[in-house]
Amino acid sequence: MSQRTFSIIKPDAVRKGHAGAILAEIEKAGFRIVSIKKASISKAQAEGFYHVHAARPFFGELTDFMSSGPIFPMVLEKQNAIADLRKLMGATNPAQAEEGTIRKKFAASIGENAIHGSDAEETAEFEIGYFFAGYELK
Ligand code: CMP
């Protein structure tokens with residue numbers, strides 16, 4: 001059954017001009033782009049999005065980074081979308097990411113790691129709703 005997930009092309013990848021190449025990888029892997037936009041979020045918006053990480057030592061760094069420049073939030077659809085996108089992205093730390101993954105190709109560090117993808121159905125639902133209204137998701 002088809003499933004939706006949420007993804008963000010992060011500020012480092014946008015700054016380096018990798019957004020198009022990352023989208024091409026996503027489409028090549030069989031995802032349908034349900035919705036996509038360009039956004040620049042505030043630190044407070046980044047804190048709300050990443051609230052589950054609020055107690056982590058890297059929370060300040062993460063939310064500074066995510067509010068440092070334009071991003072491309074998007075909703076993607078395919079069978080097994082959540083797990084398949086995480087596989088395509090590769091490990092959070094690009095040094096541990098497998099050959100051929102998006103993070104291996106485009107990420108510089110564990111913080112500046114090019115792309116985000118939801119880790120479960122409940123988080124996907126929260127994250128999609130954080131950036132998109134129902135009328136943008138048809
Ligand atoms: P993401 O999938 O967007 O979800 C949480 C993010 O926190 C994660 O990607 C990383 O970019 C970031 N992150 C995780 N660990 C660290 C760390 N040790 N230092 C900085 N950022 C981190």
# chains A, B, ... in the order shown; residues from 1 in each chain; ligands from 1
>>> residues_near_ligand(ligand="ligand 1", cutoff="9 Å", atoms="only C-alpha atoms and all ligand atoms", output="list in words")
Ser7, Ile8, Lys10, Tyr50, His53, Arg56, Pro57, Phe58, Phe59, Gly60, Glu61, Leu62, Thr63, Phe65, Met66, Arg86, Thr92, Asn93, Ser109, Ile110, Gly111, Glu112, Asn113, Ala114, Ile115, His116, Gly117, Ser118 and Asp119 of chain A
>>> write_last_selection(atoms="C-alpha atoms", output="PDB file, in the first residue's frame")
ATOM      1  CA  SER A   7      11.484  15.239   3.707  1.00  0.00           C
ATOM      2  CA  ILE A   8      13.525  18.446   3.768  1.00  0.00           C
ATOM      3  CA  LYS A  10      18.493  21.153   4.146  1.00  0.00           C
ATOM      4  CA  TYR A  50      12.504  19.350  16.080  1.00  0.00           C
ATOM      5  CA  HIS A  53      15.225  16.644  20.179  1.00  0.00           C
ATOM      6  CA  ARG A  56      19.777  16.895  23.051  1.00  0.00           C
ATOM      7  CA  PRO A  57      23.108  18.717  23.354  1.00  0.00           C
ATOM      8  CA  PHE A  58      23.050  19.545  19.612  1.00  0.00           C
ATOM      9  CA  PHE A  59      19.563  21.150  19.675  1.00  0.00           C
ATOM     10  CA  GLY A  60      20.895  24.750  19.513  1.00  0.00           C
ATOM     11  CA  GLU A  61      23.279  23.950  16.688  1.00  0.00           C
ATOM     12  CA  LEU A  62      20.591  22.004  14.799  1.00  0.00           C
ATOM     13  CA  THR A  63      17.977  24.762  15.016  1.00  0.00           C
ATOM     14  CA  PHE A  65      21.516  25.505  11.093  1.00  0.00           C
ATOM     15  CA  MET A  66      17.968  24.719   9.956  1.00  0.00           C
ATOM     16  CA  ARG A  86      15.776   6.530   4.964  1.00  0.00           C
ATOM     17  CA  THR A  92      22.756  10.377   9.708  1.00  0.00           C
ATOM     18  CA  ASN A  93      26.527  10.696   9.866  1.00  0.00           C
ATOM     19  CA  SER A 109      28.901  16.270   8.494  1.00  0.00           C
ATOM     20  CA  ILE A 110      26.386  14.841  10.978  1.00  0.00           C
ATOM     21  CA  GLY A 111      24.872  18.308  11.420  1.00  0.00           C
ATOM     22  CA  GLU A 112      25.062  19.519   7.814  1.00  0.00           C
ATOM     23  CA  ASN A 113      23.729  16.316   6.318  1.00  0.00           C
ATOM     24  CA  ALA A 114      21.798  17.502   3.245  1.00  0.00           C
ATOM     25  CA  ILE A 115      18.427  15.852   3.841  1.00  0.00           C
ATOM     26  CA  HIS A 116      15.866  14.963   6.500  1.00  0.00           C
ATOM     27  CA  GLY A 117      13.357  12.108   6.332  1.00  0.00           C
ATOM     28  CA  SER A 118      10.631  11.097   8.798  1.00  0.00           C
ATOM     29  CA  ASP A 119      11.488   8.105  10.984  1.00  0.00           C
TER      30      ASP A 119
END
>>> select_by_dssp(residues="chain A", states="strand (DSSP E)", output="number ranges by chain")
A: 2-9, 32-36, 72-79, 115-117
>>> closest_atom_pairs(of="region 67-97 of chain A", to="region 27-43 of chain A", cutoff="6 Å", atoms="only C-alpha atoms", output="tab-separated table")
residue	atom	partner	partner_atom	distance
A:Ser67	CA	A:Ile41	CA	5.2
A:Gly69	CA	A:Ser40	CA	5.9
A:Pro70	CA	A:Ser40	CA	4.5
A:Ile71	CA	A:Ala39	CA	5.4
A:Phe72	CA	A:Lys38	CA	4.7
A:Pro73	CA	A:Ile36	CA	5.9
A:Met74	CA	A:Ile36	CA	4.2
A:Val75	CA	A:Ser35	CA	5.2
A:Leu76	CA	A:Ile33	CA	4.8
A:Glu77	CA	A:Arg32	CA	5.1
A:Lys78	CA	A:Phe31	CA	5.2
>>> residues_around(residues="Ile102 (chain A)", least_positions_apart="4", cutoff="8 Å", atoms="only C-alpha atoms", output="short mmCIF file (atom, residue, chain, number, x, y, z; two decimals) with N, CA and C atoms, in the first residue's frame")
data_model
loop_
_atom_site.label_atom_id
_atom_site.label_comp_id
_atom_site.auth_asym_id
_atom_site.auth_seq_id
_atom_site.Cartn_x
_atom_site.Cartn_y
_atom_site.Cartn_z
N ILE A 22 19.48 16.14 -5.83
CA ILE A 22 18.85 15.32 -4.79
C ILE A 22 17.42 14.95 -5.21
N GLU A 25 17.54 12.11 -7.64
CA GLU A 25 17.76 10.81 -6.97
C GLU A 25 16.44 10.28 -6.39
N LEU A 88 17.57 5.40 1.14
CA LEU A 88 18.14 6.23 0.07
C LEU A 88 19.00 7.37 0.65
N MET A 89 18.59 7.91 1.82
CA MET A 89 19.35 9.01 2.44
C MET A 89 20.70 8.53 2.95
N GLY A 90 20.73 7.33 3.54
CA GLY A 90 21.95 6.84 4.20
C GLY A 90 22.01 7.28 5.65
N PHE A 106 26.30 13.90 -0.89
CA PHE A 106 26.10 15.34 -0.76
C PHE A 106 26.31 15.93 0.63
N ALA A 107 26.44 15.09 1.68
CA ALA A 107 26.51 15.63 3.03
C ALA A 107 27.94 15.81 3.51
N ALA A 114 22.47 17.40 4.56
CA ALA A 114 21.80 17.50 3.25
C ALA A 114 20.29 17.24 3.22
N ILE A 115 19.83 16.25 3.99
CA ILE A 115 18.43 15.85 3.84
C ILE A 115 17.87 15.29 5.15
#
>>> select_by_dssp(residues="chain A", states="helix (DSSP H, G or I)", output="NGL selection string")
:A and (11-15 or 19-28 or 43-49 or 51-53 or 59-66 or 81-89 or 94-96 or 102-106 or 121-131 or 134-136)
